[in-house]
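Text of the file coords-v4.cif, holding mmCIF, C-alpha atoms:
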```cif
data_upload
loop_
_atom_site.group_PDB
_atom_site.id
_atom_site.type_symbol
_atom_site.label_atom_id
_atom_site.label_comp_id
_atom_site.auth_asym_id
_atom_site.auth_seq_id
_atom_site.Cartn_x
_atom_site.Cartn_y
_atom_site.Cartn_z
ATOM 1 C CA MET P 1 -35.093 -10.352 -22.388
ATOM 2 C CA HIS P 2 -35.245 -13.995 -23.410
ATOM 3 C CA ARG P 3 -34.628 -13.211 -27.124
ATOM 4 C CA ARG P 4 -31.469 -11.276 -26.212
ATOM 5 C CA HIS P 5 -30.456 -14.137 -23.933
ATOM 6 C CA VAL P 6 -30.454 -16.674 -26.783
ATOM 7 C CA LEU P 7 -28.650 -14.375 -29.219
ATOM 8 C CA ILE P 8 -25.852 -13.655 -26.775
ATOM 9 C CA CYS P 9 -25.597 -17.283 -25.676
ATOM 10 C CA ALA P 10 -25.346 -18.437 -29.282
ATOM 11 C CA ALA P 11 -22.706 -15.832 -30.074
ATOM 12 C CA ALA P 12 -20.648 -16.764 -27.015
ATOM 13 C CA ALA P 13 -20.846 -20.466 -27.806
ATOM 14 C CA ALA P 14 -19.768 -19.888 -31.399
ATOM 15 C CA ALA P 15 -16.754 -17.751 -30.568
ATOM 16 C CA CYS P 16 -13.443 -19.398 -29.709
ATOM 17 C CA LEU P 17 -12.218 -17.146 -26.919
ATOM 18 C CA PRO P 18 -8.780 -17.177 -25.281
ATOM 19 C CA GLY P 19 -8.253 -19.578 -22.405
ATOM 20 C CA LEU P 20 -8.007 -22.917 -24.211
ATOM 21 C CA SER P 21 -5.224 -23.646 -26.650
ATOM 22 C CA SER P 22 -7.031 -26.577 -28.276
ATOM 23 C CA ALA P 23 -9.927 -28.919 -27.740
ATOM 24 C CA GLN P 24 -7.430 -31.796 -27.412
ATOM 25 C CA ALA P 25 -5.663 -30.176 -24.437
ATOM 26 C CA TYR P 26 -8.878 -29.680 -22.501
ATOM 27 C CA PRO P 27 -9.430 -30.349 -19.664
ATOM 28 C CA THR P 28 -6.170 -30.236 -17.756
ATOM 29 C CA LYS P 29 -7.668 -29.858 -14.249
ATOM 30 C CA PRO P 30 -10.905 -30.763 -12.408
ATOM 31 C CA ILE P 31 -14.193 -29.310 -13.662
ATOM 32 C CA THR P 32 -16.639 -28.032 -11.047
ATOM 33 C CA ILE P 33 -20.400 -28.278 -11.519
ATOM 34 C CA ILE P 34 -22.257 -25.818 -9.297
ATOM 35 C CA VAL P 35 -25.623 -27.216 -8.187
ATOM 36 C CA PRO P 36 -27.835 -24.399 -6.822
ATOM 37 C CA PHE P 37 -29.528 -26.756 -4.344
ATOM 38 C CA ALA P 38 -28.541 -28.566 -1.181
ATOM 39 C CA ALA P 39 -27.242 -32.119 -1.481
ATOM 40 C CA GLY P 40 -29.693 -35.000 -1.677
ATOM 41 C CA GLY P 41 -32.483 -33.662 -3.868
ATOM 42 C CA GLY P 42 -33.464 -34.511 -7.427
ATOM 43 C CA SER P 43 -31.188 -31.893 -9.031
ATOM 44 C CA ASP P 44 -28.225 -33.017 -6.949
ATOM 45 C CA ASN P 45 -28.853 -36.697 -7.748
ATOM 46 C CA ILE P 46 -28.927 -36.009 -11.483
ATOM 47 C CA ALA P 47 -25.786 -33.868 -11.323
ATOM 48 C CA ARG P 48 -23.912 -36.529 -9.361
ATOM 49 C CA LEU P 49 -24.969 -39.266 -11.766
ATOM 50 C CA ILE P 50 -23.714 -37.313 -14.787
ATOM 51 C CA ALA P 51 -20.520 -36.190 -13.023
ATOM 52 C CA ALA P 52 -19.695 -39.757 -11.992
ATOM 53 C CA LYS P 53 -20.297 -41.110 -15.490
ATOM 54 C CA LEU P 54 -18.230 -38.321 -17.074
ATOM 55 C CA THR P 55 -15.368 -39.048 -14.693
ATOM 56 C CA GLU P 56 -15.623 -42.764 -15.461
ATOM 57 C CA LYS P 57 -15.792 -42.209 -19.223
ATOM 58 C CA THR P 58 -13.141 -39.522 -19.686
ATOM 59 C CA GLY P 59 -10.753 -40.147 -16.809
ATOM 60 C CA LYS P 60 -11.124 -36.469 -15.912
ATOM 61 C CA THR P 61 -12.385 -35.229 -12.536
ATOM 62 C CA PHE P 62 -15.819 -33.645 -12.203
ATOM 63 C CA ILE P 63 -16.658 -32.117 -8.806
ATOM 64 C CA ILE P 64 -20.128 -31.221 -7.478
ATOM 65 C CA ASP P 65 -20.324 -27.964 -5.520
ATOM 66 C CA ASN P 66 -23.708 -27.502 -3.781
ATOM 67 C CA ARG P 67 -24.618 -23.823 -3.373
ATOM 68 C CA GLY P 68 -28.260 -23.817 -2.338
ATOM 69 C CA GLY P 69 -30.444 -20.945 -1.177
ATOM 70 C CA GLY P 70 -32.204 -17.862 -2.443
ATOM 71 C CA GLY P 71 -34.446 -19.684 -4.871
ATOM 72 C CA THR P 72 -31.260 -20.909 -6.654
ATOM 73 C CA ASN P 73 -30.106 -17.303 -7.089
ATOM 74 C CA ILE P 74 -27.054 -17.832 -4.854
ATOM 75 C CA GLY P 75 -25.661 -20.691 -6.913
ATOM 76 C CA ASN P 76 -26.666 -19.095 -10.202
ATOM 77 C CA ASP P 77 -24.877 -15.871 -9.258
ATOM 78 C CA ILE P 78 -21.699 -17.698 -8.221
ATOM 79 C CA ALA P 79 -21.650 -19.530 -11.549
ATOM 80 C CA ALA P 80 -22.331 -16.344 -13.521
ATOM 81 C CA ARG P 81 -19.337 -14.655 -11.876
ATOM 82 C CA ALA P 82 -16.972 -17.590 -12.324
ATOM 83 C CA ALA P 83 -13.975 -17.268 -14.625
ATOM 84 C CA PRO P 84 -15.009 -18.281 -18.172
ATOM 85 C CA ASP P 85 -12.087 -20.649 -18.527
ATOM 86 C CA GLY P 86 -14.009 -23.878 -19.107
ATOM 87 C CA TYR P 87 -13.666 -25.210 -15.564
ATOM 88 C CA THR P 88 -16.854 -24.028 -13.861
ATOM 89 C CA LEU P 89 -20.294 -25.162 -14.973
ATOM 90 C CA LEU P 90 -23.787 -24.578 -13.633
ATOM 91 C CA LEU P 91 -26.459 -27.218 -13.408
ATOM 92 C CA GLY P 92 -29.055 -24.889 -14.889
ATOM 93 C CA GLN P 93 -32.727 -25.608 -14.497
ATOM 94 C CA PHE P 94 -36.209 -24.129 -14.447
ATOM 95 C CA THR P 95 -35.438 -21.079 -12.317
ATOM 96 C CA LEU P 96 -33.267 -19.620 -15.085
ATOM 97 C CA SER P 97 -36.477 -19.457 -17.148
ATOM 98 C CA ALA P 98 -38.536 -17.825 -14.402
ATOM 99 C CA ASN P 99 -36.392 -15.880 -11.933
ATOM 100 C CA PRO P 100 -35.699 -12.921 -14.263
ATOM 101 C CA PHE P 101 -39.454 -12.240 -14.170
ATOM 102 C CA LEU P 102 -39.964 -13.056 -10.480
ATOM 103 C CA TYR P 103 -37.153 -10.923 -9.037
ATOM 104 C CA SER P 104 -36.295 -7.314 -9.829
ATOM 105 C CA ASN P 105 -32.911 -7.313 -8.065
ATOM 106 C CA LEU P 106 -31.040 -10.292 -9.506
ATOM 107 C CA ARG P 107 -27.264 -9.872 -9.356
ATOM 108 C CA TYR P 108 -26.779 -11.980 -12.492
ATOM 109 C CA ARG P 109 -28.147 -11.140 -15.934
ATOM 110 C CA ALA P 110 -30.434 -13.374 -17.951
ATOM 111 C CA ASP P 111 -27.745 -13.462 -20.649
ATOM 112 C CA ALA P 112 -25.019 -14.514 -18.213
ATOM 113 C CA PHE P 113 -24.779 -18.131 -19.381
ATOM 114 C CA VAL P 114 -23.676 -20.119 -22.407
ATOM 115 C CA PRO P 115 -25.738 -23.285 -23.063
ATOM 116 C CA VAL P 116 -23.691 -26.478 -23.209
ATOM 117 C CA VAL P 117 -26.090 -29.429 -23.199
ATOM 118 C CA HIS P 118 -29.622 -30.349 -22.138
ATOM 119 C CA ILE P 119 -29.333 -33.315 -19.768
ATOM 120 C CA ALA P 120 -32.873 -34.315 -18.844
ATOM 121 C CA ASN P 121 -36.449 -33.294 -18.127
ATOM 122 C CA ALA P 122 -38.462 -34.279 -15.052
ATOM 123 C CA PRO P 123 -42.159 -33.825 -15.874
ATOM 124 C CA THR P 124 -44.552 -32.342 -13.349
ATOM 125 C CA VAL P 125 -47.141 -34.705 -11.894
ATOM 126 C CA LEU P 126 -50.471 -33.831 -10.297
ATOM 127 C CA VAL P 127 -50.886 -35.795 -7.072
ATOM 128 C CA VAL P 128 -53.863 -36.198 -4.726
ATOM 129 C CA PRO P 129 -54.281 -38.092 -1.426
ATOM 130 C CA GLY P 130 -54.867 -41.797 -1.775
ATOM 131 C CA THR P 131 -58.380 -41.313 -0.381
ATOM 132 C CA SER P 132 -59.322 -38.366 -2.596
ATOM 133 C CA PRO P 133 -62.601 -38.620 -4.549
ATOM 134 C CA ILE P 134 -60.875 -36.825 -7.451
ATOM 135 C CA LYS P 135 -59.832 -39.472 -9.958
ATOM 136 C CA ASP P 136 -58.807 -37.518 -13.048
ATOM 137 C CA VAL P 137 -58.295 -34.062 -14.554
ATOM 138 C CA PRO P 138 -61.895 -33.599 -15.785
ATOM 139 C CA GLY P 139 -63.086 -34.509 -12.292
ATOM 140 C CA LEU P 140 -60.731 -31.965 -10.748
ATOM 141 C CA ILE P 141 -61.853 -29.208 -13.105
ATOM 142 C CA ALA P 142 -65.508 -29.984 -12.364
ATOM 143 C CA ALA P 143 -64.865 -29.952 -8.603
ATOM 144 C CA ALA P 144 -62.956 -26.672 -8.803
ATOM 145 C CA LYS P 145 -65.669 -24.973 -10.846
ATOM 146 C CA ALA P 146 -68.348 -26.220 -8.455
ATOM 147 C CA ARG P 147 -66.496 -24.706 -5.486
ATOM 148 C CA PRO P 148 -64.507 -21.642 -6.667
ATOM 149 C CA GLY P 149 -61.639 -20.809 -4.355
ATOM 150 C CA LYS P 150 -62.270 -23.769 -2.038
ATOM 151 C CA LEU P 151 -59.745 -26.248 -3.460
ATOM 152 C CA ASN P 152 -56.067 -25.670 -2.789
ATOM 153 C CA TYR P 153 -52.822 -27.000 -4.145
ATOM 154 C CA GLY P 154 -49.463 -27.245 -2.437
ATOM 155 C CA SER P 155 -46.031 -26.808 -3.955
ATOM 156 C CA GLY P 156 -42.420 -26.971 -2.868
ATOM 157 C CA GLY P 157 -42.197 -23.175 -2.736
ATOM 158 C CA ALA P 158 -43.279 -19.901 -4.326
ATOM 159 C CA GLY P 159 -41.802 -19.350 -7.773
ATOM 160 C CA THR P 160 -40.786 -22.983 -8.269
ATOM 161 C CA SER P 161 -41.663 -24.925 -11.396
ATOM 162 C CA VAL P 162 -44.416 -26.762 -9.543
ATOM 163 C CA HIS P 163 -45.953 -23.538 -8.230
ATOM 164 C CA LEU P 164 -46.024 -22.091 -11.733
ATOM 165 C CA ALA P 165 -47.398 -25.374 -13.083
ATOM 166 C CA GLY P 166 -50.340 -24.851 -10.740
ATOM 167 C CA GLU P 167 -50.764 -21.283 -11.979
ATOM 168 C CA LEU P 168 -50.659 -22.451 -15.591
ATOM 169 C CA PHE P 169 -53.304 -25.052 -14.771
ATOM 170 C CA ARG P 170 -55.471 -22.409 -13.119
ATOM 171 C CA LEU P 171 -55.155 -20.063 -16.106
ATOM 172 C CA SER P 172 -55.631 -22.831 -18.683
ATOM 173 C CA THR P 173 -58.807 -24.190 -17.061
ATOM 174 C CA ALA P 174 -60.293 -20.895 -15.806
ATOM 175 C CA THR P 175 -60.518 -22.361 -12.309
ATOM 176 C CA ASP P 176 -60.014 -20.646 -8.959
ATOM 177 C CA LEU P 177 -57.457 -22.592 -6.896
ATOM 178 C CA THR P 178 -55.566 -21.424 -3.806
ATOM 179 C CA HIS P 179 -51.803 -21.877 -3.699
ATOM 180 C CA VAL P 180 -50.212 -23.139 -0.449
ATOM 181 C CA PRO P 181 -46.403 -22.824 -0.621
ATOM 182 C CA TYR P 182 -44.125 -25.028 1.479
ATOM 183 C CA LYS P 183 -40.403 -25.013 2.151
ATOM 184 C CA GLY P 184 -39.747 -28.025 0.004
ATOM 185 C CA SER P 185 -41.660 -30.968 -1.384
ATOM 186 C CA ALA P 186 -41.450 -33.243 1.682
ATOM 187 C CA PRO P 187 -43.616 -31.114 4.017
ATOM 188 C CA ALA P 188 -46.114 -30.573 1.200
ATOM 189 C CA VAL P 189 -46.449 -34.331 0.714
ATOM 190 C CA THR P 190 -46.796 -34.826 4.470
ATOM 191 C CA ASP P 191 -49.757 -32.447 4.561
ATOM 192 C CA LEU P 192 -51.185 -34.029 1.421
ATOM 193 C CA ILE P 193 -51.131 -37.459 3.054
ATOM 194 C CA GLY P 194 -52.727 -35.948 6.151
ATOM 195 C CA GLY P 195 -55.515 -34.342 4.146
ATOM 196 C CA GLN P 196 -54.545 -30.741 4.964
ATOM 197 C CA ILE P 197 -54.335 -29.875 1.257
ATOM 198 C CA ASP P 198 -56.283 -31.167 -1.725
ATOM 199 C CA MET P 199 -53.476 -31.754 -4.232
ATOM 200 C CA ILE P 200 -49.902 -30.909 -5.103
ATOM 201 C CA PHE P 201 -48.042 -30.279 -8.302
ATOM 202 C CA ASP P 202 -44.620 -31.902 -7.901
ATOM 203 C CA THR P 203 -41.707 -32.986 -10.044
ATOM 204 C CA SER P 204 -41.652 -36.651 -10.960
ATOM 205 C CA THR P 205 -38.180 -37.040 -9.430
ATOM 206 C CA SER P 206 -39.502 -35.859 -6.068
ATOM 207 C CA ALA P 207 -42.963 -37.450 -6.074
ATOM 208 C CA LEU P 208 -42.106 -40.894 -7.423
ATOM 209 C CA PRO P 209 -41.137 -42.559 -4.101
ATOM 210 C CA TYR P 210 -44.363 -41.351 -2.443
ATOM 211 C CA ILE P 211 -46.507 -42.476 -5.367
ATOM 212 C CA LYS P 212 -44.914 -45.920 -5.389
ATOM 213 C CA GLY P 213 -45.469 -46.099 -1.633
ATOM 214 C CA GLY P 214 -49.219 -45.961 -2.291
ATOM 215 C CA ARG P 215 -50.201 -43.211 0.161
ATOM 216 C CA VAL P 216 -50.715 -40.653 -2.613
ATOM 217 C CA ARG P 217 -52.049 -41.075 -6.121
ATOM 218 C CA ALA P 218 -50.860 -39.410 -9.330
ATOM 219 C CA ILE P 219 -53.710 -38.517 -11.681
ATOM 220 C CA ALA P 220 -51.832 -36.770 -14.493
ATOM 221 C CA THR P 221 -48.358 -36.275 -15.939
ATOM 222 C CA ALA P 222 -47.409 -32.996 -17.620
ATOM 223 C CA ALA P 223 -45.399 -34.480 -20.476
ATOM 224 C CA GLU P 224 -45.807 -35.388 -24.125
ATOM 225 C CA GLN P 225 -45.998 -39.068 -23.246
ATOM 226 C CA ARG P 226 -46.475 -41.236 -20.184
ATOM 227 C CA LEU P 227 -43.519 -41.834 -17.920
ATOM 228 C CA HIS P 228 -42.012 -45.315 -18.000
ATOM 229 C CA ALA P 229 -41.916 -45.143 -14.209
ATOM 230 C CA LEU P 230 -45.660 -44.338 -14.097
ATOM 231 C CA PRO P 231 -47.121 -46.201 -17.079
ATOM 232 C CA ASN P 232 -50.692 -46.158 -15.732
ATOM 233 C CA VAL P 233 -50.809 -42.402 -15.183
ATOM 234 C CA PRO P 234 -52.209 -40.583 -18.250
ATOM 235 C CA THR P 235 -50.863 -37.263 -19.468
ATOM 236 C CA PHE P 236 -52.825 -34.034 -19.187
ATOM 237 C CA ALA P 237 -53.223 -34.084 -22.978
ATOM 238 C CA GLU P 238 -54.836 -37.522 -22.831
ATOM 239 C CA GLN P 239 -57.373 -36.005 -20.446
ATOM 240 C CA GLY P 240 -58.221 -33.048 -22.659
ATOM 241 C CA LEU P 241 -55.756 -30.381 -21.485
ATOM 242 C CA ARG P 242 -53.435 -29.625 -24.393
ATOM 243 C CA ASP P 243 -50.122 -27.752 -24.260
ATOM 244 C CA PHE P 244 -49.503 -28.668 -20.640
ATOM 245 C CA ASP P 245 -45.983 -30.058 -20.961
ATOM 246 C CA VAL P 246 -44.333 -28.654 -17.819
ATOM 247 C CA PRO P 247 -40.852 -30.057 -17.202
ATOM 248 C CA ALA P 248 -38.365 -29.317 -14.494
ATOM 249 C CA TRP P 249 -35.372 -29.312 -16.825
ATOM 250 C CA TYR P 250 -31.685 -29.853 -16.167
ATOM 251 C CA GLY P 251 -28.813 -28.685 -18.348
ATOM 252 C CA LEU P 252 -25.176 -27.693 -18.157
ATOM 253 C CA LEU P 253 -24.263 -24.073 -18.787
ATOM 254 C CA GLY P 254 -21.111 -22.013 -18.488
ATOM 255 C CA PRO P 255 -20.550 -18.355 -17.632
ATOM 256 C CA ALA P 256 -20.609 -15.898 -20.540
ATOM 257 C CA GLY P 257 -17.381 -16.186 -22.491
ATOM 258 C CA PHE P 258 -17.090 -19.942 -21.909
ATOM 259 C CA PRO P 259 -14.652 -21.164 -24.605
ATOM 260 C CA ALA P 260 -16.174 -22.820 -27.651
ATOM 261 C CA PRO P 261 -13.753 -25.805 -27.584
ATOM 262 C CA ALA P 262 -14.884 -26.559 -24.025
ATOM 263 C CA VAL P 263 -18.539 -26.300 -25.039
ATOM 264 C CA GLN P 264 -17.941 -28.701 -27.918
ATOM 265 C CA TRP P 265 -15.976 -31.226 -25.860
ATOM 266 C CA LEU P 266 -18.432 -31.234 -22.945
ATOM 267 C CA ASN P 267 -21.432 -31.437 -25.242
ATOM 268 C CA ALA P 268 -19.991 -34.464 -27.028
ATOM 269 C CA GLN P 269 -19.070 -36.238 -23.786
ATOM 270 C CA VAL P 270 -22.456 -35.696 -22.126
ATOM 271 C CA ASN P 271 -24.337 -36.779 -25.244
ATOM 272 C CA GLU P 272 -22.350 -40.006 -25.282
ATOM 273 C CA VAL P 273 -23.057 -40.573 -21.585
ATOM 274 C CA LEU P 274 -26.772 -40.014 -22.190
ATOM 275 C CA GLN P 275 -26.772 -42.740 -24.850
ATOM 276 C CA ASP P 276 -25.637 -45.288 -22.267
ATOM 277 C CA PRO P 277 -28.648 -47.563 -21.564
ATOM 278 C CA ALA P 278 -27.619 -47.826 -17.907
ATOM 279 C CA VAL P 279 -27.629 -44.032 -17.510
ATOM 280 C CA ARG P 280 -30.987 -43.713 -19.249
ATOM 281 C CA ALA P 281 -32.371 -46.431 -16.973
ATOM 282 C CA GLN P 282 -31.062 -44.646 -13.879
ATOM 283 C CA LEU P 283 -32.609 -41.366 -14.992
ATOM 284 C CA ASP P 284 -35.843 -43.182 -15.775
ATOM 285 C CA GLY P 285 -35.828 -44.671 -12.292
ATOM 286 C CA MET P 286 -35.589 -41.137 -10.902
ATOM 287 C CA GLY P 287 -38.595 -40.074 -12.977
ATOM 288 C CA ALA P 288 -36.463 -38.115 -15.457
ATOM 289 C CA ILE P 289 -36.181 -38.382 -19.234
ATOM 290 C CA ALA P 290 -32.759 -38.110 -20.932
ATOM 291 C CA VAL P 291 -32.633 -35.382 -23.601
ATOM 292 C CA GLY P 292 -29.198 -34.436 -25.004
ATOM 293 C CA GLY P 293 -28.747 -32.433 -28.210
ATOM 294 C CA THR P 294 -26.748 -29.396 -29.297
ATOM 295 C CA PRO P 295 -25.983 -26.207 -27.341
ATOM 296 C CA GLN P 296 -28.193 -24.328 -29.783
ATOM 297 C CA GLN P 297 -31.115 -26.637 -29.034
ATOM 298 C CA LEU P 298 -30.749 -25.984 -25.310
ATOM 299 C CA GLY P 299 -30.609 -22.236 -25.988
ATOM 300 C CA SER P 300 -33.795 -22.375 -28.067
ATOM 301 C CA PHE P 301 -35.517 -24.480 -25.400
ATOM 302 C CA MET P 302 -34.557 -21.968 -22.702
ATOM 303 C CA SER P 303 -35.876 -19.105 -24.819
ATOM 304 C CA ALA P 304 -39.229 -20.843 -25.312
ATOM 305 C CA GLN P 305 -39.438 -21.628 -21.597
ATOM 306 C CA ALA P 306 -38.695 -18.008 -20.681
ATOM 307 C CA ALA P 307 -41.420 -16.748 -23.023
ATOM 308 C CA ARG P 308 -43.973 -19.117 -21.558
ATOM 309 C CA TRP P 309 -43.248 -18.395 -17.911
ATOM 310 C CA GLU P 310 -42.954 -14.663 -18.435
ATOM 311 C CA ARG P 311 -46.576 -14.732 -19.602
ATOM 312 C CA VAL P 312 -47.769 -16.941 -16.727
ATOM 313 C CA ILE P 313 -45.943 -14.858 -14.111
ATOM 314 C CA LYS P 314 -47.284 -11.581 -15.457
ATOM 315 C CA GLU P 315 -50.866 -12.861 -15.780
ATOM 316 C CA SER P 316 -50.697 -14.305 -12.262
ATOM 317 C CA ARG P 317 -49.052 -11.138 -10.905
ATOM 318 C CA ILE P 318 -46.372 -13.021 -9.000
ATOM 319 C CA ARG P 319 -43.390 -11.177 -7.515
ATOM 320 C CA LEU P 320 -40.906 -12.566 -5.018
ATOM 321 C CA ASP P 321 -39.186 -9.346 -3.912
#
```
In structure tokens, what does this structure look like?
Amino acid sequence: MHRRHVLICAAAAAACLPGLSSAQAYPTKPITIIVPFAAGGGSDNIARLIAAKLTEKTGKTFIIDNRGGGGTNIGNDIAARAAPDGYTLLLGQFTLSANPFLYSNLRYRADAFVPVVHIANAPTVLVVPGTSPIKDVPGLIAAAKARPGKLNYGSGGAGTSVHLAGELFRLSTATDLTHVPYKGSAPAVTDLIGGQIDMIFDTSTSALPYIKGGRVRAIATAAEQRLHALPNVPTFAEQGLRDFDVPAWYGLLGPAGFPAPAVQWLNAQVNEVLQDPAVRAQLDGMGAIAVGGTPQQLGSFMSAQAARWERVIKESRIRLD
């Protein structure tokens, strides 16, 4: 499925379809970015930052349309069915890599989107209560092996990137951990602080305020390098667990048939915005890392993510319908 996804996305991005007379004439009306989450979360904050900077830079209007619910499937489906005229975008993220393998009744196809540009990654962080005796990843693995099935981890919901990060950790370390899903990160952190759960896997954008508040402690970052916002927190690789780079990623995509001139114009504008030191600093302050690059690079990244999570989901036997 994911191989076909990339091939079709690449073909759609390369073709100049009717709907735009020239790259110079585009855009002539506001561009809507569908965010498949409610307002106020990490995805919404990143989308609003980029939309505001694009509006400021280009003089064109970019509108955020929050369509949360259904594990992002509601917003994703609306974007997939939008007219491919260059004026509706999706803030795509992790669920596009996982939902095709978690749900059997999706209304949108895995090949329903054309990659435009990779905006940023928000690495997953492993967080424990401030009073926890677990200080590092080797200590956690030792504790889990000493008490199989007794340690649990919370996440912001079944099928989310942080849930699957926990499953990848369990598979990679041959440990027996119990997943406790919550309806969002905030209640999971509340129970973590209260000692009801042993740890959580959370995105850096969500966990950062709690970590800086001192009531919880991050013991590992799932990224290639340490976060600037958490310079004293080592990566999983530094602690002996290789190939554990687990980002919640954010990118702009259009519905299949999205015109190539629009892809090219949007890609160039977003890449320029992401080079702005102020934008990079704002993303860094959110716990996110600016990425950028070509549409093809985003397509290849999505394909690799789909392959990875298909394996984890199948080995963990997770279904959400």
Once the PyMOL selection byres ((chain P and resi 229-239) around 7) has been evaluated on this model, what residues remain selected, and can you format them as a ChimeraX atom specification? /P:137-138,218-223,225-228,240-242,244,284-285,287
Kindly export the residues of the current selection with C-alpha atoms, as a compact mmCIF listing (two decimals), in the frame of the given file.
```
# COMPACT_ATOMS: atom_id res chain seq x y z
CA VAL P 137 -58.30 -34.06 -14.55
CA PRO P 138 -61.90 -33.60 -15.78
CA ALA P 218 -50.86 -39.41 -9.33
CA ILE P 219 -53.71 -38.52 -11.68
CA ALA P 220 -51.83 -36.77 -14.49
CA THR P 221 -48.36 -36.28 -15.94
CA ALA P 222 -47.41 -33.00 -17.62
CA ALA P 223 -45.40 -34.48 -20.48
CA GLN P 225 -46.00 -39.07 -23.25
CA ARG P 226 -46.48 -41.24 -20.18
CA LEU P 227 -43.52 -41.83 -17.92
CA HIS P 228 -42.01 -45.32 -18.00
CA GLY P 240 -58.22 -33.05 -22.66
CA LEU P 241 -55.76 -30.38 -21.48
CA ARG P 242 -53.44 -29.62 -24.39
CA PHE P 244 -49.50 -28.67 -20.64
CA ASP P 284 -35.84 -43.18 -15.78
CA GLY P 285 -35.83 -44.67 -12.29
CA GLY P 287 -38.60 -40.07 -12.98
```
Selection near Glu272 in chain P, 12 Å with only C-alpha atoms, sequence-local residues under 2 positions removed, as a ChimeraX atom specification: /P:50,53-54,57-58,117,119,265-270,274-280,290-293
CA of Asn76 in chain P and CA of Ile34 in chain P, how far apart in Å? 8.1 Å
Excluding Gly130 in chain P and its own-chain neighbours fewer than 2 positions away, which residues fall within 6 Å of it when counting all atoms listed in the file? Please give them as a PyMOL selection string. chain P and resi 132+215-217
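Put simply, CA of Gly214 in chain P is 22.4 Å away from CA of Gly40 in chain P.
Between CA of Pro30 in chain P and CA of Arg81 in chain P there is a distance of 18.2 Å.
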Up to 12 Å from (-66.0, -19.3, -12.4) in the file's coordinates: name the residues, counting all atoms listed in the file, as JSON, numbers by chain. {"P": [141, 142, 143, 144, 145, 146, 147, 148, 149, 150, 170, 171, 173, 174, 175, 176, 177]}
Residues at most 12 Å from Phe301 in chain P, counting all atoms listed in the file, excluding those fewer than 4 positions away in the same chain, as a ChimeraX atom specification? /P:2-3,5-6,93-94,96-97,115,117-118,121,247,249-251,291-297,305-308
Nearest to Ala25 in chain P, chosen from P:Ala262, P:Val114, P:Leu164, P:Ala248, with only C-alpha atoms counted in the distances: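 That would be P:Ala262, the residue with the smallest distance to Ala25 in chain P.
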Near range 193-210 of chain P, counting only C-alpha atoms, which residues have an atom at most 7 Å away, once you skip same-chain residues fewer than 5 positions from it, shown as a list in words?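 The residues that qualify are Gly42, Ala122, Pro123, Thr124, Val125, Leu126, Val127, Val128, Pro129, Leu151, Asn152, Tyr153, Gly154, Ser155, Val162, Ala165, Gly166, Arg215, Val216, Ala248, Met286, Gly287 and Ala288 of chain P.
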For those residues, write C-alpha atoms to a file as a PDB file, keeping the file's coordinate frame.
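Output below, filename part-v8.pdb:
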```
ATOM      1  CA  GLY P  42     -33.464 -34.511  -7.427  1.00  0.00           C
ATOM      2  CA  ALA P 122     -38.462 -34.279 -15.052  1.00  0.00           C
ATOM      3  CA  PRO P 123     -42.159 -33.825 -15.874  1.00  0.00           C
ATOM      4  CA  THR P 124     -44.552 -32.342 -13.349  1.00  0.00           C
ATOM      5  CA  VAL P 125     -47.141 -34.705 -11.894  1.00  0.00           C
ATOM      6  CA  LEU P 126     -50.471 -33.831 -10.297  1.00  0.00           C
ATOM      7  CA  VAL P 127     -50.886 -35.795  -7.072  1.00  0.00           C
ATOM      8  CA  VAL P 128     -53.863 -36.198  -4.726  1.00  0.00           C
ATOM      9  CA  PRO P 129     -54.281 -38.092  -1.426  1.00  0.00           C
ATOM     10  CA  LEU P 151     -59.745 -26.248  -3.460  1.00  0.00           C
ATOM     11  CA  ASN P 152     -56.067 -25.670  -2.789  1.00  0.00           C
ATOM     12  CA  TYR P 153     -52.822 -27.000  -4.145  1.00  0.00           C
ATOM     13  CA  GLY P 154     -49.463 -27.245  -2.437  1.00  0.00           C
ATOM     14  CA  SER P 155     -46.031 -26.808  -3.955  1.00  0.00           C
ATOM     15  CA  VAL P 162     -44.416 -26.762  -9.543  1.00  0.00           C
ATOM     16  CA  ALA P 165     -47.398 -25.374 -13.083  1.00  0.00           C
ATOM     17  CA  GLY P 166     -50.340 -24.851 -10.740  1.00  0.00           C
ATOM     18  CA  ARG P 215     -50.201 -43.211   0.161  1.00  0.00           C
ATOM     19  CA  VAL P 216     -50.715 -40.653  -2.613  1.00  0.00           C
ATOM     20  CA  ALA P 248     -38.365 -29.317 -14.494  1.00  0.00           C
ATOM     21  CA  MET P 286     -35.589 -41.137 -10.902  1.00  0.00           C
ATOM     22  CA  GLY P 287     -38.595 -40.074 -12.977  1.00  0.00           C
ATOM     23  CA  ALA P 288     -36.463 -38.115 -15.457  1.00  0.00           C
TER      24      ALA P 288
END
```
Using all atoms listed in the file, can you tell me which of P:Leu168, P:Leu283, P:Ile318, P:Val263 comes closest to Val246 in chain P?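 Using all atoms listed in the file, Val246 in chain P sits closest to P:Leu168.
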